[in-house]
file final-v6.txt (compact mmCIF, C-alpha atoms)
# COMPACT_ATOMS: atom_id res chain seq x y z
CA MET W 153 -24.04 -20.90 12.11
CA LEU W 154 -21.22 -21.54 9.64
CA ASN W 155 -23.64 -22.95 7.08
CA SER W 156 -25.84 -19.86 7.45
CA LEU W 157 -22.87 -17.58 6.80
CA ARG W 158 -21.91 -19.58 3.72
CA ALA W 159 -25.47 -19.45 2.43
CA ALA W 160 -25.58 -15.69 2.94
CA ALA W 161 -22.26 -15.31 1.13
CA ARG W 162 -23.54 -17.37 -1.82
CA PHE W 163 -26.74 -15.29 -1.92
CA PHE W 164 -24.78 -12.03 -2.05
CA GLN W 165 -22.43 -13.39 -4.70
CA LYS W 166 -25.26 -14.70 -6.91
CA TYR W 167 -27.93 -12.01 -6.65
CA ILE W 168 -26.08 -8.85 -5.61
CA GLY W 169 -22.36 -9.30 -6.20
CA TRP W 170 -19.58 -8.27 -3.87
CA ASN W 171 -18.33 -5.72 -6.40
CA ARG W 172 -21.62 -3.85 -6.21
CA ILE W 173 -21.45 -3.89 -2.43
CA GLY W 174 -17.97 -2.40 -2.64
CA VAL W 175 -19.14 0.32 -5.01
CA LEU W 176 -22.06 1.18 -2.72
CA ILE W 177 -19.74 1.38 0.30
CA SER W 178 -17.35 3.65 -1.62
CA LEU W 179 -20.20 5.93 -2.71
CA ALA W 180 -21.55 6.03 0.83
CA ILE W 181 -18.16 7.03 2.23
CA ILE W 182 -17.65 9.70 -0.43
CA GLY W 183 -21.19 11.06 0.03
CA THR W 184 -20.82 11.24 3.80
CA ALA W 185 -17.44 12.95 3.48
CA ALA W 186 -18.89 15.49 1.02
CA VAL W 187 -21.69 16.40 3.45
CA VAL W 188 -19.26 16.67 6.36
CA LEU W 189 -16.85 18.86 4.40
CA PHE W 190 -19.64 21.13 3.22
CA ASN W 191 -20.91 21.65 6.77
CA MET W 192 -17.44 22.20 8.22
CA LEU W 193 -16.03 24.44 5.49
CA ARG W 194 -19.01 26.58 4.51
CA ASP W 195 -18.14 29.23 7.11
CA ILE W 196 -14.38 28.96 6.83
CA ASN W 197 -12.28 32.10 6.46
CA TYR W 198 -10.02 31.48 3.46
CA ASP W 199 -7.90 34.54 4.25
CA GLU W 200 -7.09 32.88 7.58
CA VAL W 201 -6.11 29.71 5.71
CA VAL W 202 -3.69 31.70 3.55
CA ARG W 203 -2.25 33.38 6.66
CA ALA W 204 -1.82 30.01 8.32
CA LEU W 205 0.01 28.72 5.24
CA HIS W 206 2.42 31.64 5.36
CA ALA W 207 2.87 31.22 9.11
CA THR W 208 3.87 27.56 8.86
CA SER W 209 7.50 27.14 9.84
CA PRO W 210 9.76 26.40 6.83
CA ALA W 211 11.80 24.14 9.12
CA HIS W 212 8.69 22.09 9.92
CA ILE W 213 7.85 21.84 6.22
CA ALA W 214 11.40 20.68 5.47
CA ILE W 215 11.29 18.04 8.22
CA ALA W 216 7.90 16.86 6.98
CA ALA W 217 9.30 16.60 3.45
CA VAL W 218 12.20 14.47 4.74
CA PHE W 219 9.80 12.05 6.44
CA VAL W 220 7.58 11.91 3.35
CA ALA W 221 10.68 10.94 1.38
CA GLY W 222 11.42 8.34 4.05
CA GLY W 223 7.92 6.95 3.67
CA TYR W 224 8.28 6.59 -0.09
CA PHE W 225 11.73 5.05 0.40
CA THR W 226 10.08 2.47 2.66
CA LEU W 227 7.48 1.79 -0.05
CA THR W 228 10.25 0.57 -2.34
CA PHE W 229 10.81 -2.31 0.07
CA TYR W 230 7.17 -3.35 -0.32
CA ASP W 231 8.02 -4.35 -3.88
CA LEU W 232 11.45 -5.78 -3.07
CA PHE W 233 9.96 -7.94 -0.31
CA ALA W 234 7.16 -9.09 -2.64
CA LEU W 235 9.61 -9.95 -5.43
CA ARG W 236 11.73 -12.08 -3.11
CA THR W 237 8.60 -13.71 -1.68
CA ILE W 238 7.42 -14.94 -5.09
CA GLY W 239 10.95 -16.05 -6.04
CA ARG W 240 11.81 -13.36 -8.62
CA THR W 241 15.32 -12.78 -7.26
CA HIS W 242 16.78 -11.69 -10.62
CA VAL W 243 15.03 -8.30 -10.45
CA PRO W 244 17.48 -5.81 -8.86
CA TYR W 245 16.57 -3.36 -6.12
CA ARG W 246 16.79 -0.33 -8.42
CA ILE W 247 13.97 -1.74 -10.56
CA ALA W 248 11.93 -2.66 -7.49
CA ALA W 249 12.46 0.88 -6.19
CA LEU W 250 11.38 2.43 -9.49
CA ALA W 251 8.27 0.24 -9.71
CA GLY W 252 7.37 0.72 -6.06
CA PHE W 253 7.77 4.48 -6.04
CA THR W 254 6.06 5.18 -9.36
CA SER W 255 3.19 2.70 -8.87
CA TYR W 256 2.28 4.08 -5.47
CA SER W 257 2.70 7.71 -6.55
CA VAL W 258 0.40 7.19 -9.52
CA GLY W 259 -2.01 4.99 -7.59
CA HIS W 260 -2.30 7.45 -4.70
CA ASN W 261 -3.31 10.27 -7.03
CA VAL W 262 -5.35 8.52 -9.72
CA GLY W 263 -7.23 6.20 -7.39
CA ALA W 264 -8.09 2.48 -7.72
CA THR W 265 -4.53 1.73 -6.64
CA VAL W 266 -4.73 -2.00 -7.38
CA PHE W 267 -5.40 -1.36 -11.08
CA THR W 268 -3.43 1.83 -11.74
CA GLY W 269 -0.46 0.76 -9.64
CA GLY W 270 -0.62 -2.72 -11.17
CA ALA W 271 -0.50 -1.27 -14.69
CA VAL W 272 2.63 0.75 -13.84
CA ARG W 273 4.26 -2.29 -12.26
CA TYR W 274 3.49 -4.46 -15.29
CA ARG W 275 5.05 -1.93 -17.65
CA ILE W 276 8.28 -1.98 -15.64
CA TYR W 277 8.49 -5.63 -14.61
CA SER W 278 7.47 -7.10 -17.98
CA GLY W 279 10.91 -6.18 -19.28
CA TYR W 280 12.35 -8.57 -16.69
CA GLY W 281 10.25 -11.53 -17.77
CA LEU W 282 7.42 -11.13 -15.28
CA ASP W 283 3.88 -11.68 -16.52
CA ALA W 284 0.49 -10.43 -15.34
CA ILE W 285 0.19 -13.24 -12.79
CA ASP W 286 3.55 -12.31 -11.26
CA VAL W 287 2.47 -8.67 -11.02
CA ALA W 288 -0.81 -9.73 -9.39
CA LYS W 289 1.17 -11.71 -6.82
CA ILE W 290 3.40 -8.69 -6.15
CA CYS W 291 0.33 -6.50 -5.62
CA PHE W 292 -1.09 -9.09 -3.23
CA VAL W 293 2.06 -9.40 -1.10
CA ALA W 294 2.58 -5.62 -1.07
CA GLY W 295 -1.06 -5.15 -0.08
CA LEU W 296 -0.62 -7.71 2.70
CA THR W 297 2.35 -5.70 4.00
CA PHE W 298 0.20 -2.57 3.98
CA TRP W 299 -2.67 -4.18 5.89
CA LEU W 300 -0.45 -5.91 8.43
CA GLY W 301 1.25 -2.61 9.21
CA ASN W 302 -2.08 -0.80 9.51
CA ALA W 303 -3.53 -3.50 11.76
CA THR W 304 -0.51 -3.33 14.05
CA VAL W 305 -0.49 0.47 14.30
CA LEU W 306 -4.25 0.71 14.82
CA GLY W 307 -4.35 -2.18 17.28
CA LEU W 308 -1.53 -0.88 19.46
CA GLY W 309 -2.58 2.76 19.10
CA ILE W 310 -6.24 2.30 19.96
CA ALA W 311 -5.40 -0.11 22.80
CA THR W 312 -3.28 2.60 24.46
CA THR W 313 -5.35 5.66 23.47
CA PRO W 314 -8.91 4.44 22.76
CA HIS W 315 -10.31 7.99 22.88
CA ALA W 316 -8.37 8.84 19.70
CA ALA W 317 -10.69 6.69 17.58
CA SER W 318 -13.96 7.80 19.21
CA PRO W 319 -14.65 10.80 16.91
CA ILE W 320 -14.44 8.45 13.89
CA THR W 321 -15.99 5.24 15.26
CA LEU W 322 -18.56 7.10 17.43
CA LEU W 323 -18.06 4.36 20.03
CA PRO W 324 -17.15 4.61 23.72
CA ASP W 325 -13.56 4.08 24.75
CA TRP W 326 -14.09 0.61 26.22
CA ILE W 327 -15.59 -0.73 23.00
CA ASN W 328 -12.74 0.80 20.98
CA ARG W 329 -10.27 -0.95 23.27
CA ILE W 330 -12.04 -4.30 22.86
CA ILE W 331 -11.92 -3.86 19.08
CA ALA W 332 -8.20 -3.03 19.33
CA PHE W 333 -7.46 -6.17 21.34
CA GLY W 334 -9.51 -8.14 18.80
CA ILE W 335 -7.37 -6.75 15.96
CA LEU W 336 -4.18 -7.66 17.82
CA ALA W 337 -5.52 -11.14 18.61
CA VAL W 338 -6.28 -11.80 14.93
CA LEU W 339 -2.85 -10.46 14.01
CA GLY W 340 -1.19 -12.71 16.58
CA CYS W 341 -3.12 -15.74 15.30
CA TYR W 342 -2.00 -15.00 11.75
CA VAL W 343 1.66 -14.72 12.79
CA GLY W 344 1.38 -17.99 14.72
CA TRP W 345 -0.32 -19.65 11.76
CA VAL W 346 2.43 -18.81 9.26
CA TRP W 347 5.11 -19.52 11.88
CA SER W 348 3.91 -23.07 12.58
CA ALA W 349 4.16 -24.43 9.01
CA LYS W 350 4.57 -23.51 5.36
CA ARG W 351 1.38 -21.80 4.21
CA GLU W 352 0.14 -21.39 0.65
CA ILE W 353 -2.90 -19.70 -0.82
CA GLY W 354 -4.27 -19.85 -4.35
CA LYS W 355 -4.17 -22.63 -6.91
CA GLY W 356 -2.03 -23.48 -9.91
CA GLY W 357 -0.08 -20.54 -11.31
CA TRP W 358 -1.82 -18.22 -8.85
CA LYS W 359 -0.36 -20.00 -5.82
CA VAL W 360 1.56 -17.78 -3.39
CA VAL W 361 3.71 -19.09 -0.55
CA LEU W 362 3.10 -16.76 2.38
CA PRO W 363 6.12 -15.38 4.25
CA ASN W 364 7.01 -17.46 7.31
CA GLY W 365 6.92 -16.18 10.89
CA PRO W 366 10.20 -14.22 11.00
CA LEU W 367 9.61 -12.76 7.52
CA THR W 368 6.07 -11.76 8.53
CA LEU W 369 7.54 -9.81 11.46
CA LEU W 370 9.85 -8.10 8.97
CA GLN W 371 6.82 -7.44 6.77
CA ILE W 372 4.99 -5.84 9.71
CA GLY W 373 8.06 -3.76 10.49
CA ILE W 374 8.16 -2.39 6.93
CA GLY W 375 4.49 -1.41 7.18
CA ILE W 376 4.97 0.26 10.57
CA LEU W 377 7.98 2.22 9.33
CA ASP W 378 6.03 3.48 6.31
CA LEU W 379 3.05 4.61 8.39
CA GLY W 380 5.31 6.05 11.07
CA CYS W 381 7.14 8.27 8.58
CA CYS W 382 3.86 9.56 7.13
CA ALA W 383 2.36 10.19 10.57
CA ILE W 384 5.46 12.12 11.68
CA ALA W 385 5.24 14.24 8.52
CA MET W 386 1.62 15.08 9.34
CA TYR W 387 2.54 15.72 12.98
CA MET W 388 5.13 18.31 11.95
CA LEU W 389 2.44 20.22 10.02
CA MET W 390 -0.11 20.29 12.85
CA PRO W 391 -0.96 23.62 14.56
CA ALA W 392 1.06 24.28 17.69
CA GLU W 393 -2.03 24.55 19.89
CA PRO W 394 -3.66 22.64 21.41
CA HIS W 395 -1.05 19.98 22.08
CA ILE W 396 -1.77 16.48 20.79
CA GLY W 397 0.16 13.29 21.49
CA PHE W 398 1.86 11.55 18.59
CA ILE W 399 0.10 8.22 19.20
CA THR W 400 -3.27 9.97 19.16
CA LEU W 401 -2.45 11.64 15.87
CA ALA W 402 -1.12 8.37 14.43
CA VAL W 403 -4.42 6.62 15.21
CA VAL W 404 -6.41 9.45 13.62
CA PHE W 405 -4.09 9.61 10.61
CA VAL W 406 -4.17 5.87 9.90
CA SER W 407 -7.96 5.73 10.36
CA ALA W 408 -8.43 8.65 7.96
CA THR W 409 -6.04 7.07 5.47
CA LEU W 410 -7.96 3.78 5.53
CA LEU W 411 -11.26 5.58 4.98
CA GLY W 412 -9.74 7.39 2.02
CA PHE W 413 -8.41 4.08 0.68
CA ALA W 414 -11.82 2.41 1.07
CA SER W 415 -13.50 5.24 -0.85
CA HIS W 416 -11.23 4.67 -3.91
CA ALA W 417 -11.31 8.45 -4.39
CA PRO W 418 -8.08 9.80 -5.96
CA GLY W 419 -5.77 10.47 -3.05
CA GLY W 420 -8.70 9.91 -0.69
CA LEU W 421 -9.60 13.47 -1.66
CA GLY W 422 -12.33 14.81 0.59
CA VAL W 423 -12.65 11.61 2.62
CA PHE W 424 -9.22 11.78 4.29
CA ASP W 425 -9.62 15.50 4.91
CA ALA W 426 -13.14 15.18 6.35
CA ALA W 427 -12.02 12.42 8.72
CA MET W 428 -9.08 14.50 9.93
CA LEU W 429 -11.26 17.59 10.48
CA VAL W 430 -13.87 15.59 12.38
CA ALA W 431 -11.41 13.69 14.55
CA LEU W 432 -9.30 16.78 15.34
CA TRP W 433 -12.25 19.04 16.09
CA GLU W 434 -10.40 20.84 18.89
CA PHE W 435 -8.01 22.52 16.43
CA ASN W 436 -8.62 25.77 14.60
CA LYS W 437 -10.12 24.69 11.27
CA GLU W 438 -8.19 27.22 9.19
CA GLU W 439 -4.84 26.20 10.69
CA LEU W 440 -5.60 22.49 10.41
CA LEU W 441 -6.74 22.90 6.80
CA ALA W 442 -3.48 24.70 6.01
CA GLY W 443 -1.51 21.74 7.39
CA LEU W 444 -3.59 19.29 5.36
CA LEU W 445 -3.00 21.28 2.18
CA ILE W 446 0.77 21.31 2.72
CA PHE W 447 0.72 17.58 3.44
CA ARG W 448 -1.17 16.96 0.18
CA VAL W 449 1.42 18.89 -1.78
CA LEU W 450 4.31 17.01 -0.15
CA TYR W 451 2.81 13.52 -0.14
CA TYR W 452 0.68 13.52 -3.28
CA LEU W 453 1.51 16.20 -5.83
CA VAL W 454 5.31 16.32 -5.62
CA PRO W 455 5.82 12.51 -5.78
CA PHE W 456 3.21 12.27 -8.55
CA ALA W 457 5.05 14.85 -10.67
CA LEU W 458 8.38 13.13 -10.00
CA ALA W 459 6.91 9.72 -10.90
CA LEU W 460 5.57 11.03 -14.20
CA LEU W 461 8.98 12.51 -15.00
CA LEU W 462 10.72 9.22 -14.21
CA LEU W 463 8.28 7.15 -16.23
CA GLY W 464 8.44 9.59 -19.14
CA ALA W 465 12.24 9.67 -19.09
CA ARG W 466 12.34 5.87 -18.98
CA GLU W 467 10.05 5.57 -22.00
CA ILE W 468 12.14 8.06 -23.97
CA TRP W 469 15.33 6.22 -23.05
CA LEU W 470 13.87 2.84 -24.06
CA ASN W 471 12.60 4.21 -27.37
CA THR W 472 15.84 5.97 -28.29
CA ARG W 473 18.27 3.31 -27.07
CA GLY W 474 16.12 0.30 -27.92
CA ALA W 475 15.11 -2.45 -25.55
CA GLU W 476 17.95 -3.15 -23.19
CA LYS W 477 19.11 -6.70 -22.56
CA LEU W 478 17.55 -7.42 -19.23
CA PRO W 479 18.25 -10.42 -17.02
CA GLN W 480 15.58 -13.06 -17.40
CA PRO W 481 14.61 -16.04 -15.29
CA HIS W 482 16.24 -19.28 -16.39
CA PRO W 483 13.42 -21.59 -17.50
CA LYS W 484 13.88 -25.31 -17.62
CA PRO W 485 14.39 -26.68 -21.18
CA GLU W 486 11.21 -28.05 -22.67
CA PHE W 487 11.04 -30.27 -25.78
CA THR W 488 7.81 -30.96 -27.51
CA THR W 489 9.08 -33.25 -30.27
CA VAL W 490 11.77 -35.86 -30.76
CA GLU W 491 13.49 -33.61 -33.31
CA ALA W 492 13.74 -30.78 -30.80
CA ALA W 493 15.41 -33.11 -28.30
CA ALA W 494 17.85 -34.57 -30.82
CA PRO W 495 20.74 -32.11 -30.31
CA LEU W 496 20.74 -32.73 -26.58
CA ARG W 497 20.58 -36.52 -27.08
CA SER W 498 23.55 -36.39 -29.47
CA GLU W 499 25.62 -34.45 -26.93
CA LEU W 500 24.82 -36.99 -24.22
CA GLU W 501 25.72 -39.94 -26.48
CA ALA W 502 29.03 -38.31 -27.43
CA GLU W 503 29.83 -37.73 -23.77
CA ASN W 504 29.06 -41.38 -22.97
CA GLU W 505 31.37 -42.56 -25.78
CA LYS W 506 34.22 -40.45 -24.39
CA THR W 507 33.62 -41.94 -20.96
CA ASN W 508 33.65 -45.50 -22.32
CA VAL W 509 36.85 -44.88 -24.25
CA GLY W 510 38.51 -43.49 -21.13
call {"tool": "encode", "arguments": {"input": "final-v6.txt", "output": "structure tokens"}}
result
Amino acid sequence: MLNSLRAAARFFQKYIGWNRIGVLISLAIIGTAAVVLFNMLRDINYDEVVRALHATSPAHIAIAAVFVAGGYFTLTFYDLFALRTIGRTHVPYRIAALAGFTSYSVGHNVGATVFTGGAVRYRIYSGYGLDAIDVAKICFVAGLTFWLGNATVLGLGIATTPHAASPITLLPDWINRIIAFGILAVLGCYVGWVWSAKREIGKGGWKVVLPNGPLTLLQIGIGILDLGCCAIAMYMLMPAEPHIGFITLAVVFVSATLLGFASHAPGGLGVFDAAMLVALWEFNKEELLAGLLIFRVLYYLVPFALALLLLGAREIWLNTRGAEKLPQPHPKPEFTTVEAAAPLRSELEAENEKTNVG
């Protein structure tokens, strides 16, 4: 069985390519979302959407904005955690916060987060002596935090409210619950695996030491806090009727977010919205669409504008003030010739002479 799977993997890699499979999946998700949105929104009353926007409580919008800010604040710890994991302790939190906030803000809106967010991170971290490999490691660890948090929220959420995922998975509740327990079992095995011994992945300069058991629990907590803040923000913008439980909404929200992420569409545009409209079919479409529009402004457009301002201000400051003297890692001295090592040898010989005289 294992040999068959390996043979199939080699066949796909050689004749099709996993990148092409990923592109096809993204196009399929985007195409399906486009059809769903067209069918759901073709008879929508846009005047009702405008009325629903005006009717949204300013207090609810303010609370949602606070939790969106909390979510982005949590994102800064994705980068700080990743930096400490790969041993780059000389980078201060303020730089990790700047890189984390701006990279995710740009990545969320432009799409292809790994590349766009990675480019922003490299521009910021390169001034602190980090190279492209370091930035790739940071993206990997931050991505691992994201997926561990998602797996935990989805696993626990679907296990307790399996009906919440049914409109998206199109599966009965008992199958959804089995899938949820499977996710939690895999998650538990991973935590036990990193807890039992030091684990490394990659080779050579690409090697990453995975966080140990306690740090992995911290990593999961960071991911849960991020998703929790975003889900609460969305919850505050939901129509008042009919009532929906927070866990149910969290499952729908995370599922829709993952579909948007898999599509690689900028901000999951269309995909996230279609998934939310399908899963929350019991709500008035105009009122739900109004809440989604407000959420997009708070979570996507406002942080994106702020990130561009911060990055632009930083570039102007660097160009006008010149490159600042930034703390660098302390590399070990390397000598390639006898002449290069001579000054150090002379110092050692002088020190030995002083010792002998004493």
call {"tool": "closest_residue", "arguments": {"input": "final-v6.txt", "among": "W:Tyr342, W:Trp326, W:Tyr387, W:Phe267", "to": "Ala303 of chain W", "atoms": "all atoms listed in the file"}}
result
W:Tyr342
call {"tool": "residues_around", "arguments": {"input": "final-v6.txt", "residues": "Val243 of chain W", "least_positions_apart": "4", "cutoff": "12 Å", "atoms": "only C-alpha atoms", "output": "PDB file with C-alpha atoms, keeping the file's coordinate frame"}}
result
ATOM      1  CA  ASP W 231       8.020  -4.350  -3.880  1.00  0.00           C
ATOM      2  CA  LEU W 232      11.450  -5.780  -3.070  1.00  0.00           C
ATOM      3  CA  PHE W 233       9.960  -7.940  -0.310  1.00  0.00           C
ATOM      4  CA  ALA W 234       7.160  -9.090  -2.640  1.00  0.00           C
ATOM      5  CA  LEU W 235       9.610  -9.950  -5.430  1.00  0.00           C
ATOM      6  CA  ARG W 236      11.730 -12.080  -3.110  1.00  0.00           C
ATOM      7  CA  ILE W 238       7.420 -14.940  -5.090  1.00  0.00           C
ATOM      8  CA  GLY W 239      10.950 -16.050  -6.040  1.00  0.00           C
ATOM      9  CA  ILE W 247      13.970  -1.740 -10.560  1.00  0.00           C
ATOM     10  CA  ALA W 248      11.930  -2.660  -7.490  1.00  0.00           C
ATOM     11  CA  ALA W 249      12.460   0.880  -6.190  1.00  0.00           C
ATOM     12  CA  LEU W 250      11.380   2.430  -9.490  1.00  0.00           C
ATOM     13  CA  ALA W 251       8.270   0.240  -9.710  1.00  0.00           C
ATOM     14  CA  ILE W 276       8.280  -1.980 -15.640  1.00  0.00           C
ATOM     15  CA  TYR W 277       8.490  -5.630 -14.610  1.00  0.00           C
ATOM     16  CA  SER W 278       7.470  -7.100 -17.980  1.00  0.00           C
ATOM     17  CA  GLY W 279      10.910  -6.180 -19.280  1.00  0.00           C
ATOM     18  CA  TYR W 280      12.350  -8.570 -16.690  1.00  0.00           C
ATOM     19  CA  GLY W 281      10.250 -11.530 -17.770  1.00  0.00           C
ATOM     20  CA  LEU W 282       7.420 -11.130 -15.280  1.00  0.00           C
ATOM     21  CA  LEU W 478      17.550  -7.420 -19.230  1.00  0.00           C
ATOM     22  CA  PRO W 479      18.250 -10.420 -17.020  1.00  0.00           C
ATOM     23  CA  GLN W 480      15.580 -13.060 -17.400  1.00  0.00           C
ATOM     24  CA  PRO W 481      14.610 -16.040 -15.290  1.00  0.00           C
TER      25      PRO W 481
END
call {"tool": "atom_distance", "arguments": {"input": "final-v6.txt", "atom1": "atom CA of Ala332 of chain W", "atom2": "atom CA of Thr312 of chain W"}}
result
9.1 Å
call {"tool": "closest_residue", "arguments": {"input": "final-v6.txt", "among": "W:Lys289, W:His395, W:Lys359, W:His260", "to": "Ala459 of chain W", "atoms": "only C-alpha atoms"}}
result
W:His260
call {"tool": "closest_residue", "arguments": {"input": "final-v6.txt", "among": "W:Thr241, W:Thr472, W:Thr313, W:Thr268", "to": "Ile399 of chain W", "atoms": "only C-alpha atoms"}}
result
W:Thr313
call {"tool": "atom_distance", "arguments": {"input": "final-v6.txt", "atom1": "atom CA of Val305 of chain W", "atom2": "atom CA of Ala214 of chain W"}}
result
25.1 Å
call {"tool": "residues_around", "arguments": {"input": "final-v6.txt", "residues": "Val406 of chain W", "least_positions_apart": "6", "cutoff": "9 Å", "atoms": "only C-alpha atoms", "output": "ChimeraX atom specification"}}
result
/W:302,305-306,379,383
call {"tool": "atom_distance", "arguments": {"input": "final-v6.txt", "atom1": "atom CA of Leu205 of chain W", "atom2": "atom CA of Phe435 of chain W"}}
result
15.1 Å
call {"tool": "residues_around", "arguments": {"input": "final-v6.txt", "residues": "segment 449-452 of chain W", "least_positions_apart": "4", "cutoff": "7 Å", "atoms": "all atoms listed in the file", "output": "ChimeraX atom specification"}}
result
/W:217,220,257,260-261,445,456
call {"tool": "write_last_selection", "arguments": {"input": "final-v6.txt", "atoms": "C-alpha atoms", "output": "mmCIF file, in the coordinates of the input"}}
result
data_model
loop_
_atom_site.group_PDB
_atom_site.id
_atom_site.type_symbol
_atom_site.label_atom_id
_atom_site.label_comp_id
_atom_site.auth_asym_id
_atom_site.auth_seq_id
_atom_site.Cartn_x
_atom_site.Cartn_y
_atom_site.Cartn_z
ATOM 1 C CA ALA W 217 9.300 16.600 3.450
ATOM 2 C CA VAL W 220 7.580 11.910 3.350
ATOM 3 C CA SER W 257 2.700 7.710 -6.550
ATOM 4 C CA HIS W 260 -2.300 7.450 -4.700
ATOM 5 C CA ASN W 261 -3.310 10.270 -7.030
ATOM 6 C CA LEU W 445 -3.000 21.280 2.180
ATOM 7 C CA PHE W 456 3.210 12.270 -8.550
#
call {"tool": "closest_residue", "arguments": {"input": "final-v6.txt", "among": "W:Ala431, W:Ile384, W:Ile353, W:Ala221", "to": "Leu458 of chain W", "atoms": "all atoms listed in the file"}}
result
W:Ala221
call {"tool": "residues_around", "arguments": {"input": "final-v6.txt", "residues": "Gly269 of chain W", "least_positions_apart": "5", "cutoff": "8 Å", "atoms": "only C-alpha atoms", "output": "count of residues only"}}
result
5
